[in-house]
Amino acid sequence: MSSAHPVRWEPREVVDVPATVATPVAITSLARQLNQRERDQLVQAFNAGLYEMGTTFVWSRTMAGLKNLLAGLGIEFIAEMLDRSDIRSDAEVYEVLTDYEAVRLAEELGMYGSTQALRLRQTLEVVAHFANPPDDADEDEMMPEEALRALRTCVQTVLGHEELDVAVEFAEFRQRLETTILDDAAPEIEELATSAYFFRRTVLRILLAGCKSASGAQLENTLANLNTLLPRIWPGLKDPDRYSVGRAYSEVHAEGQSSAASGLRSALLKVKGFDYVPESLRSRTFLEAATKVQSVHFEWNNFYNEPAPTRALVSLGTSIPISAFHRCMTAVLLVRIGNPYGVSSAAQPYADQMLRDVTADRWKYFFDDCLPVDDVLLGELRNETVAGRWCTVIGEQGRISGVDPSSKQSRALLKASVDGDSASVQDRAKRMLRMMRTGH
Amino acid sequence: MPATVVTFRSELKSKIADFLADSHMSCVQTEESLVALVVALADHREEGIALFPQVLICDDLDVVLRNVQGSNRITIGSGSRTAETVLHALKKCAPLANSGWAIWVERGTDHFDFGVFREPPTPTALDLRTTLLDTAPGQLHALLAAQYAPGTVELISVGNSGLRIYLSGVRPELVPPEDAQGQVAKWFAEDIEDGHLRGACTSFATTVLHDLLRKGHGTLIAVAPSGRRLPARILSDAVVLPEPADLSALVDVHSNAPSSLALAELLAYVSLLGGMLSSDGITVLDSCGRVLAFNWFIRTDTKSLTPREQVGGARHRAFAALKVLVDKGTLLGAFIRSSNGTDRAYPENANE
């Protein structure tokens, strides 16, 4: 890694499965993480037309491999990267990490590129759909080409690798943040301040995870680097990420971690950021409830499982702490826009109830400070069906009519949404996502 | 010949003026207010009941509360920027400022606003005092006044350990300057392997000890090294718990899953420890966060005591006997809080 480019890591290469390799036998022969017995059984399942069974097996092995690797990065790091305060330090990754989150996180850490991530998400949707078919799709079967596509993607991204690893550049950079103190005048600090939002946020999350979990010299390095970097990236940080710094302070303070609290306090004082520190951990209740909604949304059987956590979220009241507002909005909007296969009908009234109480000011805040860095929602809006449903949802919000976001991109997306132009919404979402991840 | 009148006022006023200057909070009215407040806090009672309020005086309450993680602020009143207003605030708020509530006074240009706020809700959180002391001076303007022990009031400010004012006439050279309570908190968690849990237990012990001791009338604490059983003959005159009360385990459970049940259990044991510390005799802790025994009466071999120790009170003689056990390696450390509020730990500065 060149020291002049401290935060740009590229996705590692996927396993080459040429288009000419198109049979289950040929593709499974490249799946190095499966043993011979498993490969044979998989081929037998495909040959017998048991596509759902075979694909479910491939998917479960793929996710096990992926989560096993992510577990090696440390549970605190995973929790911080996903901004999930509900994940405890003694939790097991496979218990708390949904498949969707594993796919998204692995993409962010450079384990594969955006195309493969897209294919993995599509595979997840297909597998989930056939594992728990909606009432109207009881008799539908998985097609051979769907099964083969899923198998190919899983082998290319995960199962084909002897040893899966995060991007080398990312691993090195993370290690450097934790083991050395970056020079305040180093050009790489300036480079970071002007890098794509995604990199800045990732660096911030690495540092916050370190503040919560490291000790001794590693903690000292992390805190020193946070105090150097935060003032440089703070002006460009959106509110949701500023709140993550404030919440980190609140958490280490509540846990009695005096060194970490002292370092975070110092950094917050430098940027005059105490407005972003929650007065209490009340916001945590909202965040955990919203996280639960988002988790079940991306899990199997989501149509049946969404109503209960959505109701629980709504029952917390309409006075959502501002530090938890973004996460709550993401959760209820995910419920409303559903997925390409539909929505959870029983959860809709609860989500509607919450959206009805969102004021015009908060909608403006959402479009200005939350949506432009919401890779979950923007990622979903790339789908045509979902984008169409989004237009309907936004069109129903009476309080949104006078909202005029400051950012040009958000303004354009809002206009397209109100106009019901789903194609334009898709396009705008893709652009905003690209801007967040690459800076252009 | 008229009597010569002696008061502490001029000495106190001058020290408080210096303290305010060091805290970047110089102000004549605040100075007058603090003089009155110190005297009032030294033995504050309402309807005959002793009260132990903490008073936070600051310029930007919102930022300061976020720093100390105070919440639920309630405004009780306001008045001109005078000592009378601060005393009025104490009168109105002190009965409210217990069980996790403290008093705030915000300085306006020509007035004081006051009320109460909730302290950090969990016993594992850093307390107001620790947070203010750990904050770099100069950027926030806040000070905390509270009774430290009967007849003793402590004033601290941001990054400034400030003043400890003994209204008992104790000689300054007999008051050890080191942080003896902090020493006990460190011993209490010293052998906990997990770094995070060690930090949490140290903070927990700091918060709990500070709060329990300032409301008590003196105590003795012995800390035994973990993993080493104290000989039965030594603890023959003690109430030894059949199973040590493992406070570090409760802190761990609460840290990992801060449920109301975990909090209730932890608070229940804090209350139990408070009862033990206020009992006669010595409370025995160990260095991995457990309570082993209380009500321990140690035999003192008067020959081994110094002449000064021999003529001291029973508590001081017991402390001297504990020091002998520390020197033998039977105990890791010993702590005494005298009834006049002086603390002493032995060995001193063991961790420095």
# chains A, B, ... in the order shown; residues from 1 in each chain; ligands from 1
call {"tool": "residues_around", "arguments": {"residues": "Met432 in chain A", "least_positions_apart": "5", "cutoff": "12 Å", "atoms": "only C-alpha atoms", "output": "mmCIF file with C-alpha atoms, in the first residue's frame"}}
result
data_model
loop_
_atom_site.group_PDB
_atom_site.id
_atom_site.type_symbol
_atom_site.label_atom_id
_atom_site.label_comp_id
_atom_site.auth_asym_id
_atom_site.auth_seq_id
_atom_site.Cartn_x
_atom_site.Cartn_y
_atom_site.Cartn_z
ATOM 1 C CA ALA A 196 -14.776 9.590 -0.194
ATOM 2 C CA TYR A 197 -17.288 9.698 2.627
ATOM 3 C CA PHE A 198 -17.297 5.926 2.941
ATOM 4 C CA PHE A 367 -32.962 14.212 3.199
ATOM 5 C CA CYS A 370 -29.272 10.977 6.659
ATOM 6 C CA LEU A 371 -30.230 9.685 3.224
ATOM 7 C CA PRO A 372 -27.021 10.778 1.421
ATOM 8 C CA VAL A 373 -24.992 8.470 3.668
ATOM 9 C CA ASP A 374 -27.574 5.724 4.083
ATOM 10 C CA ASP A 375 -26.064 2.915 2.065
ATOM 11 C CA VAL A 376 -28.821 0.526 3.171
ATOM 12 C CA LEU A 377 -31.729 2.564 1.842
ATOM 13 C CA LEU A 378 -29.847 3.807 -1.210
ATOM 14 C CA GLY A 379 -28.857 0.232 -1.965
ATOM 15 C CA LEU A 381 -33.647 1.990 -4.067
ATOM 16 C CA ARG A 382 -31.562 0.637 -6.928
ATOM 17 C CA SER A 407 -28.165 19.217 -1.121
ATOM 18 C CA LYS A 408 -28.674 19.120 -4.852
ATOM 19 C CA GLN A 409 -28.685 15.329 -5.069
ATOM 20 C CA SER A 410 -31.217 14.905 -2.288
ATOM 21 C CA ARG A 411 -33.392 17.611 -3.814
ATOM 22 C CA ALA A 412 -33.387 15.799 -7.139
ATOM 23 C CA LEU A 413 -34.179 12.463 -5.538
ATOM 24 C CA VAL A 425 -35.145 7.577 -8.221
ATOM 25 C CA GLN A 426 -33.142 4.469 -9.081
ATOM 26 C CA ASP A 427 -30.633 6.525 -11.014
ATOM 27 C CA ARG A 437 -18.306 5.252 -1.784
ATOM 28 C CA THR A 438 -15.959 6.740 -4.338
ATOM 29 C CA GLY A 439 -16.327 10.489 -3.929
ATOM 30 C CA HIS A 440 -17.389 11.094 -7.542
#
call {"tool": "interface_residues", "arguments": {"of": "chain A", "to": "chain B", "cutoff": "12 Å", "atoms": "only C-alpha atoms", "output": "PyMOL selection string"}}
result
chain A and resi 85-91+211-216+219+246-247+249-282+284-285
call {"tool": "residues_around", "arguments": {"residues": "range 271-286 of chain B", "least_positions_apart": "6", "cutoff": "9 Å", "atoms": "only C-alpha atoms", "output": "JSON, numbers by chain"}}
result
{"B": [187, 188, 189, 191, 208, 209, 212, 213, 216, 217, 218, 219, 220, 221, 222, 223, 224, 225, 226, 227, 238, 240, 244, 292, 293, 294, 295, 296, 297, 298, 315, 318, 331, 332]}
call {"tool": "closest_residue", "arguments": {"among": "B:Ala83, B:Leu235, B:Ala97, B:Cys27", "to": "Thr109 in chain B", "atoms": "only C-alpha atoms"}}
result
B:Cys27
call {"tool": "atom_distance", "arguments": {"atom1": "CA of Ala71 in chain A", "atom2": "CA of Asn301 in chain A"}}
result
25.0 Å
call {"tool": "closest_residue", "arguments": {"among": "A:Glu191, A:Glu299, A:Glu172, A:Glu380", "to": "Ala102 in chain A", "atoms": "only C-alpha atoms"}}
result
A:Glu299
call {"tool": "closest_residue", "arguments": {"among": "B:Ile234, B:Ala17, B:Val270, B:Ala146", "to": "Thr330 in chain B", "atoms": "only C-alpha atoms"}}
result
B:Ile234
call {"tool": "closest_residue", "arguments": {"among": "B:Thr342, B:Ser248, B:Ser161, B:Thr7", "to": "Val39 in chain B", "atoms": "only C-alpha atoms"}}
result
B:Thr7
call {"tool": "atom_distance", "arguments": {"atom1": "CA of Ala142 in chain B", "atom2": "CA of Leu155 in chain B"}}
result
10.7 Å
call {"tool": "select_by_dssp", "arguments": {"residues": "range 165-248 of chain B", "states": "strand (DSSP E)", "output": "PyMOL selection string"}}
result
chain B and resi 165-166+219-224+239-246
call {"tool": "closest_residue", "arguments": {"among": "B:Val86, B:Leu51, B:Leu263, B:Leu34", "to": "Ser99 in chain B", "atoms": "only C-alpha atoms"}}
result
B:Leu51
call {"tool": "select_by_dssp", "arguments": {"residues": "range 9-110 of chain A", "states": "helix (DSSP H, G or I)", "output": "ChimeraX atom specification"}}
result
/A:24-28,36-47,51-71,75-81,93-96,99-108
call {"tool": "atom_distance", "arguments": {"atom1": "CA of Ala64 in chain A", "atom2": "CA of Pro309 in chain A"}}
result
25.8 Å
call {"tool": "residues_around", "arguments": {"residues": "range 292-296 of chain A", "least_positions_apart": "5", "cutoff": "7 Å", "atoms": "only C-alpha atoms", "output": "PyMOL selection string"}}
result
chain A and resi 98+302+305-306+309-310+331
call {"tool": "write_last_selection", "arguments": {"atoms": "C-alpha atoms", "output": "PDB file, in the first residue's frame"}}
result
ATOM      1  CA  THR A  98     -27.636 -11.302   9.628  1.00  0.00           C
ATOM      2  CA  ASN A 302     -39.403 -11.273   6.925  1.00  0.00           C
ATOM      3  CA  ASN A 305     -41.500 -11.386  11.338  1.00  0.00           C
ATOM      4  CA  GLU A 306     -41.619  -7.644  10.672  1.00  0.00           C
ATOM      5  CA  PRO A 309     -40.518  -5.466  16.130  1.00  0.00           C
ATOM      6  CA  THR A 310     -42.110  -2.644  14.110  1.00  0.00           C
ATOM      7  CA  ALA A 331     -36.071   0.846   9.670  1.00  0.00           C
TER       8      ALA A 331
END
call {"tool": "decode", "arguments": {"residues": "range 216-264 of chain B", "atoms": "N, CA and C atoms", "output": "compact mmCIF listing (two decimals), in the first residue's frame"}}
result
# COMPACT_ATOMS: atom_id res chain seq x y z
N GLY B 216 -20.67 8.34 55.62
CA GLY B 216 -20.43 7.56 56.83
C GLY B 216 -19.65 8.34 57.87
N HIS B 217 -19.30 7.64 58.90
CA HIS B 217 -18.55 8.28 59.98
C HIS B 217 -17.21 7.59 60.19
N GLY B 218 -16.60 7.22 59.11
CA GLY B 218 -15.29 6.57 59.20
C GLY B 218 -15.41 5.07 59.04
N THR B 219 -14.35 4.46 58.53
CA THR B 219 -14.38 3.01 58.33
C THR B 219 -12.97 2.48 58.14
N LEU B 220 -12.88 1.18 58.14
CA LEU B 220 -11.60 0.50 57.88
C LEU B 220 -11.83 -0.54 56.79
N ILE B 221 -10.90 -0.60 55.86
CA ILE B 221 -11.01 -1.58 54.78
C ILE B 221 -9.67 -2.31 54.65
N ALA B 222 -9.75 -3.62 54.52
CA ALA B 222 -8.54 -4.40 54.23
C ALA B 222 -8.74 -5.05 52.87
N VAL B 223 -7.70 -5.08 52.06
CA VAL B 223 -7.80 -5.73 50.75
C VAL B 223 -6.82 -6.90 50.73
N ALA B 224 -7.39 -8.09 50.54
CA ALA B 224 -6.56 -9.30 50.51
C ALA B 224 -6.18 -9.62 49.08
N PRO B 225 -5.00 -10.19 48.88
CA PRO B 225 -4.64 -10.57 47.51
C PRO B 225 -5.54 -11.72 47.04
N SER B 226 -5.95 -11.67 45.81
CA SER B 226 -6.87 -12.69 45.34
C SER B 226 -6.15 -14.04 45.24
N GLY B 227 -6.92 -15.08 45.41
CA GLY B 227 -6.36 -16.42 45.28
C GLY B 227 -5.61 -16.89 46.50
N ARG B 228 -5.44 -16.03 47.47
CA ARG B 228 -4.75 -16.47 48.70
C ARG B 228 -5.76 -16.43 49.84
N ARG B 229 -5.96 -17.55 50.46
CA ARG B 229 -6.94 -17.65 51.53
C ARG B 229 -6.37 -17.03 52.80
N LEU B 230 -7.15 -16.16 53.43
CA LEU B 230 -6.67 -15.58 54.68
C LEU B 230 -6.76 -16.65 55.78
N PRO B 231 -5.71 -16.80 56.60
CA PRO B 231 -5.75 -17.82 57.65
C PRO B 231 -6.97 -17.63 58.56
N ALA B 232 -7.60 -18.74 58.92
CA ALA B 232 -8.83 -18.68 59.72
C ALA B 232 -8.57 -18.01 61.06
N ARG B 233 -7.39 -18.22 61.62
CA ARG B 233 -7.12 -17.63 62.94
C ARG B 233 -7.13 -16.11 62.87
N ILE B 234 -6.74 -15.57 61.71
CA ILE B 234 -6.73 -14.11 61.58
C ILE B 234 -8.15 -13.56 61.56
N LEU B 235 -9.02 -14.30 60.87
CA LEU B 235 -10.41 -13.82 60.73
C LEU B 235 -11.32 -14.45 61.78
N SER B 236 -10.74 -14.89 62.88
CA SER B 236 -11.56 -15.60 63.87
C SER B 236 -12.67 -14.71 64.44
N ASP B 237 -12.39 -13.41 64.52
CA ASP B 237 -13.41 -12.51 65.04
C ASP B 237 -13.97 -11.64 63.91
N ALA B 238 -14.56 -12.30 62.96
CA ALA B 238 -15.14 -11.58 61.81
C ALA B 238 -16.35 -12.35 61.32
N VAL B 239 -17.20 -11.65 60.59
CA VAL B 239 -18.29 -12.36 59.90
C VAL B 239 -17.78 -12.65 58.49
N VAL B 240 -17.40 -13.90 58.30
CA VAL B 240 -16.87 -14.29 56.98
C VAL B 240 -18.04 -14.79 56.14
N LEU B 241 -18.19 -14.23 54.95
CA LEU B 241 -19.31 -14.63 54.10
C LEU B 241 -19.08 -16.07 53.62
N PRO B 242 -20.09 -16.92 53.70
CA PRO B 242 -19.91 -18.31 53.24
C PRO B 242 -19.43 -18.35 51.79
N GLU B 243 -19.99 -17.49 50.97
CA GLU B 243 -19.54 -17.34 49.59
C GLU B 243 -19.19 -15.87 49.41
N PRO B 244 -17.99 -15.56 48.94
CA PRO B 244 -17.65 -14.14 48.74
C PRO B 244 -18.69 -13.45 47.85
N ALA B 245 -19.01 -12.22 48.17
CA ALA B 245 -19.93 -11.46 47.31
C ALA B 245 -19.13 -10.94 46.12
N ASP B 246 -19.37 -11.56 44.97
CA ASP B 246 -18.53 -11.26 43.80
C ASP B 246 -19.07 -10.04 43.04
N LEU B 247 -18.66 -8.86 43.45
CA LEU B 247 -19.17 -7.64 42.82
C LEU B 247 -18.65 -7.51 41.38
N SER B 248 -17.44 -8.00 41.13
CA SER B 248 -16.91 -7.87 39.76
C SER B 248 -17.75 -8.69 38.78
N ALA B 249 -18.25 -9.84 39.25
CA ALA B 249 -19.11 -10.65 38.37
C ALA B 249 -20.40 -9.90 38.06
N LEU B 250 -20.93 -9.20 39.08
CA LEU B 250 -22.16 -8.44 38.86
C LEU B 250 -21.91 -7.26 37.91
N VAL B 251 -20.74 -6.64 38.06
CA VAL B 251 -20.39 -5.55 37.14
C VAL B 251 -20.27 -6.09 35.72
N ASP B 252 -19.68 -7.28 35.61
CA ASP B 252 -19.50 -7.90 34.30
C ASP B 252 -20.85 -8.18 33.64
N VAL B 253 -21.74 -8.76 34.42
CA VAL B 253 -23.08 -9.08 33.89
C VAL B 253 -23.77 -7.79 33.44
N HIS B 254 -23.67 -6.77 34.27
CA HIS B 254 -24.33 -5.51 33.94
C HIS B 254 -23.72 -4.85 32.71
N SER B 255 -22.40 -4.95 32.58
CA SER B 255 -21.73 -4.33 31.43
C SER B 255 -22.12 -5.03 30.13
N ASN B 256 -22.21 -6.36 30.20
CA ASN B 256 -22.51 -7.11 28.99
C ASN B 256 -23.97 -7.03 28.59
N ALA B 257 -24.83 -6.99 29.56
CA ALA B 257 -26.27 -6.91 29.25
C ALA B 257 -26.92 -6.03 30.31
N PRO B 258 -26.90 -4.71 30.09
CA PRO B 258 -27.38 -3.80 31.13
C PRO B 258 -28.91 -3.82 31.29
N SER B 259 -29.39 -4.94 31.78
CA SER B 259 -30.84 -5.06 32.00
C SER B 259 -31.22 -4.47 33.36
N SER B 260 -32.50 -4.24 33.54
CA SER B 260 -32.94 -3.68 34.82
C SER B 260 -32.68 -4.68 35.94
N LEU B 261 -32.76 -5.97 35.61
CA LEU B 261 -32.50 -7.00 36.62
C LEU B 261 -31.04 -6.94 37.08
N ALA B 262 -30.13 -6.84 36.11
CA ALA B 262 -28.70 -6.78 36.44
C ALA B 262 -28.41 -5.53 37.26
N LEU B 263 -29.04 -4.42 36.89
CA LEU B 263 -28.81 -3.17 37.62
C LEU B 263 -29.34 -3.29 39.04
N ALA B 264 -30.54 -3.88 39.18
CA ALA B 264 -31.14 -4.01 40.51
C ALA B 264 -30.25 -4.86 41.41
